[in-house]
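Note sheet for the following structure.
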Amino acid sequence: MSDIVEKTLTALPGLFLPNPQGGGPAAPRTSFSSRLGGLIRAITALTSKHEEEKLIQQELNNLKVTVSAPTTTLKMMKECMVRLIYCEMLGYDASFGYIHAIKLAQQGNLLEKRVGYLAVSLFLHENHELLLLLVNTVVKDLQSTNLVEVCMALTVVSQIFPREMIPAVLPLIEDKLQHPKEIIRRKAVLALYKFHLIAPNQVQHIHTKFRKALCDRDVGVMAASLHIYLRMIKENSSGYKDLTGSFVTILKQVVGGKLPVEFNYHSVPAPWLQIQLLRILGLLGKDDQRTSELMYDVLDESLRRAELNHNITYAILFECVHTVYSIYPKSELLEKAVKCIGKFVLSPKINLKYLGLKALTYVIQQDPSLALQHQMTIIECLDHPDPIIKRETLELLYRITNAQNITVIVQKMLEYLQQSKEEYIIVNLVGKIAELAEKYAPDNAWFIQTMNAVFSVGGDVMHPDIPNDFLRLLAEGFDDEAEDQQLRLYAVESYLTLLDMENVFYPQRFIQVMSWVLGEYSYLLDKETPEEVVTRLYKLLMSDSISSETKAWLIAAVIKLTPQAYASDIIERLIQDFTVSLDTCMRQHAFELKQLHENVELMKTLFPVDKSSEDMVVDASLSFLDGFVAEGLSQGAAPYKPHHQRQEEKLSQEKVLNFEPYGLSFSSGITGRQSPAGISLGSDVSGNSADTGLKETNSLQLEGVKKLWGKEGYLPKKESKAGDKMEALPIPQESGIMENVDQAIPSKNQSQSLTQSKEEEEKQLLASSLFVGIGSENTINLMGKADTMSHKFRRKSKVKEAKSGEASRAHSMACSSLSSQSRVAFEDDSYLNTLQGRRDTELKKFSTNSELLDSESLKELPSVKKLSDGSLSAPSLFADENIEILHLPSSSVASAANDISLSSSLLEETTECMQSSLMKVYNNETVSVSSYKIWKDDCLLMIWSLTNKSGSELKSANLEIFPEENFKTTERPVCSLPVMETESTKNFEYSIHMEKPFTEGTLSGFVNYQLMDTHSVQLEFSINLSLLDFIRPLKISTEDFGKLWLSFANDVKQNIKTSEPQDALPTTLQMLQQKLRLHVIDIIGNEGLLACQLLPSIPCLLHCRVHADVLALWFRSSCSALPDYLSYQCQKAIEGL
Amino acid sequence: MIKGILIFNNHRKPWLSKFYQPYSVDKQQQIIRETLHLVFKRDENVCNFLEGGSLIGGFDNKLIYRHYATLYFVFCVDSSGSELGILDLIQGFVETLDKCFENVCELDLIFHVDKVHNILAEMVMGGMVLETNMNETVTQTDAQKKLEKSEAGLAGAPARAVSAVKNMNLPEIPRNISIGDISIKVPNLPSFK
């Protein structure tokens, strides 16, 4: 290929030598192309960025004049556009030309139009306002009889098109799917794919047409439709299982060479098409034995046919291997795939080696013994000159790390880190090292040293969870108290040594970690007194290189140490220094310290030694201030209004015209003081701070008890319960593994020639240290991700977690653990208690407010009414939560009736929340797994029940959910019995919170269990979750609806035809309330108001109006994706009526 | 899905950039700079894949590049792209360019940015691979070339930009009088079989 591009740019200036005849400045008559030449010549001759800036600016100025001159013809404009494209690509603003690009696309002849479209698609982005001007042109061109124009229009549509204008072109593009020319059909399919990406609900109705495209007689169109299917199957594979057969047939034909020869690339039939199909099959066959069986043959054929002669066949092979390992396993295929991987890994071509490592990384998660086969290659790759290969190797090693090879692997990673300077590599690797260190650390010293390295290298770029997790681990400790103290002591000692070093600068985060540890655990030191530690901290505090945030950490540490080093004069000096500090924050701390310093006893109780992980009870309602508030109110002070309310009132006062659509005026007086976002608390009287406090405890249920490091409560891993059993497992294996490795190495040694150099021996040594502990487990876990590690640093058992959970859950309508009746009773009790408490405070409030009433006789009546409403709210709340939403799906209960305990537990649940019907996840002769969803008020509760149908006992039944970026899953503690008796059922409960909005997601995990005296079995499953699972009714008043409506920016309108007469509105709304869990607020004539919220608290409002036979839906929300999604769901629900 | 395509030369001059995802002008510049930085740091004899590049969107994306004499072709793809497949797509792209420009050289790319964009649009549409059959792409482009020729005149000038440059000493090439749009609307395109 190098002979193709033979001329180099160095020759360029020579080619552009100034024309001796032309000379001087470019005359207007000079052709435009040579102006482009001039521009480029000038650019290539430049030496500095500054010159370039000057030149381009000048060029842009010239262009500005030219494009806006009326005499400029379209042809000249075309040339200008090319130059503008060039300037814009270099990063200069050419926005003045945008409108001219659109004009050119509109008015030009074919060639000019093409340049116009090109410029538009390069200049503008999807949301650019000028794009609207293009819509008409696109519509016109789509209707053109000239194929080229149609093609251009389709191309520009697939590159940029404003989402809200899709309806304008959609029918035209749909028509193009029937176009006689294949190129048009193909481009139309891709344009529709683009629409599917940006507005899926708008192309929902043409899914059948996609199927038609899949069956198109032209291969190109079919290939284009695969893009769409790949995408849709990725989103939801279960909906397209029926197409598996078609995909397999297509692939068979392609592999069999049935396509016309022109689709061959280097005599391989349509390789890109094959790759695409293999990907689709991989997605379809995942965790699905029946579907996978359909494709075994064709995969085998593909593996066989791909003869190794060209890059592109390797591409197909790679994809094949990936697919074979993604679908339900078949041993013959796996064997062949393994052979293929060998070809990749051992290839001298570096690209193939890279891919081989990638494939290995993917595969060893399922079969770690494969790493043993290629251990020498892996070792070689570790020292490869290409850093990308090296990193991929480390990635691979990361997957096979265990307690025996951790030190070597982490050392390799740290070595790599020291050479690398790219930020994202550091972030990535540092996170991995921290994770591994926490899991497998062999001893305290190693752990602390590794973490020190992590903090010094990762510094301020690493994920903030790493230091937080580390500190929590130190604070909470493990099960063995003596061990904990040792670790802490070691940490303290190592930090003191680090701090003693002169002229070394540590990242801020590292210093923060040090200061916290020193503040907490310096008391463990024997040799050094707290005074000495404080002296060091003081030195750091006075240093210039410390940020003010870190200083706050440092001074906090000093404050903690003060009770122990009371008499130290360094503290007094510190107080003196910082009470005059310019930093207000520091001054505040210094004054606090000063005050505390004067009262030793108080200080000692406030800062007890080693109590960092004790829970602190915080009175979130600030009830101790009640008296103060009451006094203030009685003296005529204005009641407290929350911040957002004040702002809203301010806003509403500023408005000259009232644009509220519902004509409900609201006064800014006492009656309007209800929080508009008063989530789930429909009717309460707000007014004084005590009540606001209460509300807070309602919405922030998890914060009931404060934790020091629990920024986002951590995911309780299941090891606390399963750990004991798991630990027992690996031990017998380990000895076997050691033997395994020992055997492997000598045999290798024998086979190799005697002239083995010393270097090779070293490599062997490294290999034996790296790959120790891998293999032999594969018999147990062929299809699952082997995760039978024993965690060195196991977090303390979750007793505390459960305790705090209970306290907070007492408020939420907890459907509690089913197995322990006593706990259910306890929770109910506490729930009632809180209700009682609520009423008490409300009554108290009533009395305080009635005092107020005396002075404010004017507003007496409405407030009294409001208050009496409020005092009734507790029982009515109860009714809301329990009775109104009670839709007992009796059929589902009946279907599960074969298991008494299960159905009884279901009944228990349904009395509290809505739930889905029972879904069978897995069923065989020994066990059956079924799942159902419970839509709780604050989260989605997934329950999997595992029923033992076999005649014998099941051991160590366990369920684990894979982490998923969209969700946060938290296991709810269920009493777990190590042994499941026959015919018994065990429930696993997971509460699921959404981390970020999505439309469809899957949650997957596995169940494993062990039958009596047989090996353990692992069953994988996955479950689809939709956004709808996180929609809850939002109960607000009409008035609040009006207010909220105005504050939301994102809206979507949609008209739906209803066949039923007008009075169907209440029925329709009722149906929406049931199906989509929207809350019907009000029905006024032919208009209806509904509201819902996306958990945790994104509200969405719906206004509907019936007009003749059209139901107009109007959504508004603060989240942009929500209205779109809901409108689609509503449409589906109504049309399904 | 392909997220972006960059062509630049050994002197770090970008000649073509195309993004299939909306990025602001500043972000585009940042991406170009970072890509240049990453690619030029690579030695010869290393693999053609680069991971990361924090700007274009996280760890999921990779850069796949090829170096031809004076030019680098860089494709940025997300995790659903096949590395080797893209590598051959670049090869196909260059082959197509070679056929369309008859022995393509860097100058062709510089003076016919619009044409290169058009060829690219035939192969990749909205980030998806549309056509991998080189001959098909060539016939498409040839058909358009014919159109151009029929239009001739000043509009034909960019097609001859290189030759114009090469024949610098000659007086300006005589222009034909434009024959207007008459011939253009005729859908006489043999390529659309």
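Following the order of the structure tokens, first chain is A, next is B, and so on, with residues numbered from 1 inside each chain and ligands from 1 in the order they appear.
Contact shell of Asn405 (chain A) at 12 Å (only C-alpha atoms; same-chain neighbours under 5 positions omitted): Leu397, Tyr398, Arg399, Ile400, Val410, Gln411, Lys412, Leu436, Ala437, Tyr440, Ala441, Pro442, Met738, Leu766, Ala767, Ser768, Ser769, Leu770, Phe771, Val772, Gly773 and Ile774 of chain A.
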With N, CA, C and O atoms retained, could you export that selection as a PDB file, in the first residue's frame?
ATOM      1  N   LEU A 397      -4.283 -10.895  34.038  1.00  0.00           N
ATOM      2  CA  LEU A 397      -3.807 -11.361  35.338  1.00  0.00           C
ATOM      3  C   LEU A 397      -4.774 -10.955  36.446  1.00  0.00           C
ATOM      4  O   LEU A 397      -5.008 -11.693  37.392  1.00  0.00           O
ATOM      5  N   TYR A 398      -5.330  -9.772  36.276  1.00  0.00           N
ATOM      6  CA  TYR A 398      -6.283  -9.278  37.271  1.00  0.00           C
ATOM      7  C   TYR A 398      -7.435 -10.262  37.445  1.00  0.00           C
ATOM      8  O   TYR A 398      -7.921 -10.488  38.547  1.00  0.00           O
ATOM      9  N   ARG A 399      -7.815 -10.879  36.315  1.00  0.00           N
ATOM     10  CA  ARG A 399      -8.941 -11.814  36.387  1.00  0.00           C
ATOM     11  C   ARG A 399      -8.570 -13.131  37.056  1.00  0.00           C
ATOM     12  O   ARG A 399      -9.457 -13.873  37.467  1.00  0.00           O
ATOM     13  N   ILE A 400      -7.302 -13.464  37.065  1.00  0.00           N
ATOM     14  CA  ILE A 400      -6.955 -14.761  37.650  1.00  0.00           C
ATOM     15  C   ILE A 400      -6.280 -14.606  39.009  1.00  0.00           C
ATOM     16  O   ILE A 400      -5.717 -15.554  39.531  1.00  0.00           O
ATOM     17  N   VAL A 410       0.284  -7.920  41.809  1.00  0.00           N
ATOM     18  CA  VAL A 410       0.203  -6.514  42.195  1.00  0.00           C
ATOM     19  C   VAL A 410       1.538  -5.814  41.964  1.00  0.00           C
ATOM     20  O   VAL A 410       1.590  -4.661  41.536  1.00  0.00           O
ATOM     21  N   GLN A 411       2.603  -6.550  42.195  1.00  0.00           N
ATOM     22  CA  GLN A 411       3.917  -5.952  41.947  1.00  0.00           C
ATOM     23  C   GLN A 411       4.059  -5.580  40.469  1.00  0.00           C
ATOM     24  O   GLN A 411       4.535  -4.498  40.131  1.00  0.00           O
ATOM     25  N   LYS A 412       3.613  -6.488  39.591  1.00  0.00           N
ATOM     26  CA  LYS A 412       3.682  -6.206  38.157  1.00  0.00           C
ATOM     27  C   LYS A 412       2.833  -4.975  37.821  1.00  0.00           C
ATOM     28  O   LYS A 412       3.215  -4.129  37.010  1.00  0.00           O
ATOM     29  N   LEU A 436      -7.979  -5.676  44.579  1.00  0.00           N
ATOM     30  CA  LEU A 436      -7.299  -6.942  44.822  1.00  0.00           C
ATOM     31  C   LEU A 436      -6.690  -6.973  46.212  1.00  0.00           C
ATOM     32  O   LEU A 436      -6.761  -7.984  46.913  1.00  0.00           O
ATOM     33  N   ALA A 437      -6.077  -5.841  46.587  1.00  0.00           N
ATOM     34  CA  ALA A 437      -5.409  -5.803  47.879  1.00  0.00           C
ATOM     35  C   ALA A 437      -6.402  -6.059  48.994  1.00  0.00           C
ATOM     36  O   ALA A 437      -6.132  -6.794  49.941  1.00  0.00           O
ATOM     37  N   TYR A 440      -7.403  -9.966  48.797  1.00  0.00           N
ATOM     38  CA  TYR A 440      -6.514 -11.113  48.965  1.00  0.00           C
ATOM     39  C   TYR A 440      -5.251 -10.831  49.778  1.00  0.00           C
ATOM     40  O   TYR A 440      -4.348 -11.660  49.771  1.00  0.00           O
ATOM     41  N   ALA A 441      -5.163  -9.651  50.395  1.00  0.00           N
ATOM     42  CA  ALA A 441      -3.888  -9.301  51.028  1.00  0.00           C
ATOM     43  C   ALA A 441      -3.366 -10.415  51.921  1.00  0.00           C
ATOM     44  O   ALA A 441      -4.100 -10.941  52.754  1.00  0.00           O
ATOM     45  N   PRO A 442      -2.109 -10.813  51.759  1.00  0.00           N
ATOM     46  CA  PRO A 442      -1.575 -11.900  52.570  1.00  0.00           C
ATOM     47  C   PRO A 442      -1.273 -11.481  54.006  1.00  0.00           C
ATOM     48  O   PRO A 442      -1.410 -12.283  54.916  1.00  0.00           O
ATOM     49  N   MET A 738      -1.362 -26.945  44.100  1.00  0.00           N
ATOM     50  CA  MET A 738       0.080 -26.880  44.232  1.00  0.00           C
ATOM     51  C   MET A 738       0.710 -28.056  43.498  1.00  0.00           C
ATOM     52  O   MET A 738       1.683 -27.913  42.775  1.00  0.00           O
ATOM     53  N   LEU A 766       8.573 -17.249  37.540  1.00  0.00           N
ATOM     54  CA  LEU A 766       7.522 -16.243  37.561  1.00  0.00           C
ATOM     55  C   LEU A 766       6.188 -16.884  37.241  1.00  0.00           C
ATOM     56  O   LEU A 766       5.175 -16.619  37.878  1.00  0.00           O
ATOM     57  N   ALA A 767       6.247 -17.786  36.248  1.00  0.00           N
ATOM     58  CA  ALA A 767       5.007 -18.444  35.851  1.00  0.00           C
ATOM     59  C   ALA A 767       4.434 -19.223  37.013  1.00  0.00           C
ATOM     60  O   ALA A 767       3.239 -19.153  37.295  1.00  0.00           O
ATOM     61  N   SER A 768       5.311 -19.925  37.706  1.00  0.00           N
ATOM     62  CA  SER A 768       4.777 -20.740  38.784  1.00  0.00           C
ATOM     63  C   SER A 768       4.201 -19.864  39.876  1.00  0.00           C
ATOM     64  O   SER A 768       3.242 -20.235  40.541  1.00  0.00           O
ATOM     65  N   SER A 769       4.765 -18.657  40.046  1.00  0.00           N
ATOM     66  CA  SER A 769       4.196 -17.804  41.088  1.00  0.00           C
ATOM     67  C   SER A 769       2.926 -17.132  40.605  1.00  0.00           C
ATOM     68  O   SER A 769       2.061 -16.800  41.397  1.00  0.00           O
ATOM     69  N   LEU A 770       2.829 -16.916  39.283  1.00  0.00           N
ATOM     70  CA  LEU A 770       1.646 -16.225  38.767  1.00  0.00           C
ATOM     71  C   LEU A 770       0.446 -17.140  38.668  1.00  0.00           C
ATOM     72  O   LEU A 770      -0.674 -16.738  38.923  1.00  0.00           O
ATOM     73  N   PHE A 771       0.696 -18.361  38.251  1.00  0.00           N
ATOM     74  CA  PHE A 771      -0.444 -19.197  37.909  1.00  0.00           C
ATOM     75  C   PHE A 771      -0.771 -20.202  38.991  1.00  0.00           C
ATOM     76  O   PHE A 771      -1.479 -21.159  38.768  1.00  0.00           O
ATOM     77  N   VAL A 772      -0.195 -19.945  40.150  1.00  0.00           N
ATOM     78  CA  VAL A 772      -0.504 -20.841  41.242  1.00  0.00           C
ATOM     79  C   VAL A 772      -1.974 -20.650  41.614  1.00  0.00           C
ATOM     80  O   VAL A 772      -2.500 -19.558  41.592  1.00  0.00           O
ATOM     81  N   GLY A 773      -2.589 -21.741  41.899  1.00  0.00           N
ATOM     82  CA  GLY A 773      -3.969 -21.620  42.368  1.00  0.00           C
ATOM     83  C   GLY A 773      -4.994 -21.536  41.275  1.00  0.00           C
ATOM     84  O   GLY A 773      -6.140 -21.248  41.524  1.00  0.00           O
ATOM     85  N   ILE A 774      -4.558 -21.749  40.029  1.00  0.00           N
ATOM     86  CA  ILE A 774      -5.550 -21.727  38.955  1.00  0.00           C
ATOM     87  C   ILE A 774      -5.713 -23.135  38.444  1.00  0.00           C
ATOM     88  O   ILE A 774      -4.779 -23.920  38.435  1.00  0.00           O
TER      89      ILE A 774
END
Quiz item: Can you list, as a PyMOL selection string, every protein, DNA or RNA residue that comes within 10 Å of Thr141 (chain B) when you count only C-alpha atoms, leaving out same-chain residues fewer than 6 positions away?
Solution: chain B and resi 96-97+99-100+115-116+118-119+122+135+147+191
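Using only C-alpha atoms, the protein and nucleic acid residues lying no more than 12 Å from Glu44 (chain B), apart from those fewer than 2 places from it along its own chain, are Ile350, Pro385 and Asp386 of chain A; Val39, Phe40, Lys41, Arg42, Val46, Cys47, Asn48, Arg66, His67 and Tyr68 of chain B.
If only C-alpha atoms are the atoms counted, then among A:Gly632, A:Pro329, A:Gly356, A:Gly285 the closest residue to chain B is A:Gly356.
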Using only C-alpha atoms, which residues sit within 9 Å of Pro14 (chain B) once same-chain residues fewer than 4 positions away are excluded, as a CSV table (one decimal) with N, CA, C and O atoms, in the first residue's frame?
chain,number,residue,atom,x,y,z
A,89,MET,N,-12.4,22.7,10.9
A,89,MET,CA,-11.7,21.4,11.4
A,89,MET,C,-10.5,21.8,12.2
A,89,MET,O,-10.1,21.1,13.1
A,90,LEU,N,-9.9,22.9,11.9
A,90,LEU,CA,-8.7,23.3,12.6
A,90,LEU,C,-9.1,24.0,14.0
A,90,LEU,O,-8.3,24.4,14.7
B,6,LEU,N,-10.6,10.1,11.7
B,6,LEU,CA,-9.6,11.2,11.6
B,6,LEU,C,-8.6,10.8,10.6
B,6,LEU,O,-8.2,9.6,10.5
B,7,ILE,N,-8.2,11.7,9.7
B,7,ILE,CA,-7.0,11.5,8.9
B,7,ILE,C,-6.0,12.6,9.1
B,7,ILE,O,-6.4,13.8,9.1
B,8,PHE,N,-4.8,12.3,9.4
B,8,PHE,CA,-3.8,13.3,9.5
B,8,PHE,C,-2.4,12.8,9.0
B,8,PHE,O,-2.3,11.6,8.8
B,9,ASN,N,-1.5,13.7,8.8
B,9,ASN,CA,-0.3,13.3,8.2
B,9,ASN,C,0.8,13.2,9.2
B,9,ASN,O,0.6,13.5,10.4
B,32,ILE,N,-9.2,15.6,18.9
B,32,ILE,CA,-8.2,15.5,17.8
B,32,ILE,C,-6.8,15.6,18.4
B,32,ILE,O,-5.9,14.8,18.2
B,36,LEU,N,-4.0,12.6,18.4
B,36,LEU,CA,-2.7,12.8,17.8
B,36,LEU,C,-1.6,12.4,18.8
B,36,LEU,O,-0.7,11.7,18.5
Practice problem: Point out the residue among B:Thr139, B:Asn61, B:Ser79, B:Gln144 with the least atom-to-atom distance to chain A, counting only C-alpha atoms. | Solution: B:Gln144
Exercise. Name the closest residue to chain B among the candidates A:Leu487, A:Ala371, A:Leu1046, A:Val156; distances are taken between atoms, counting only C-alpha atoms.
Key: A:Val156
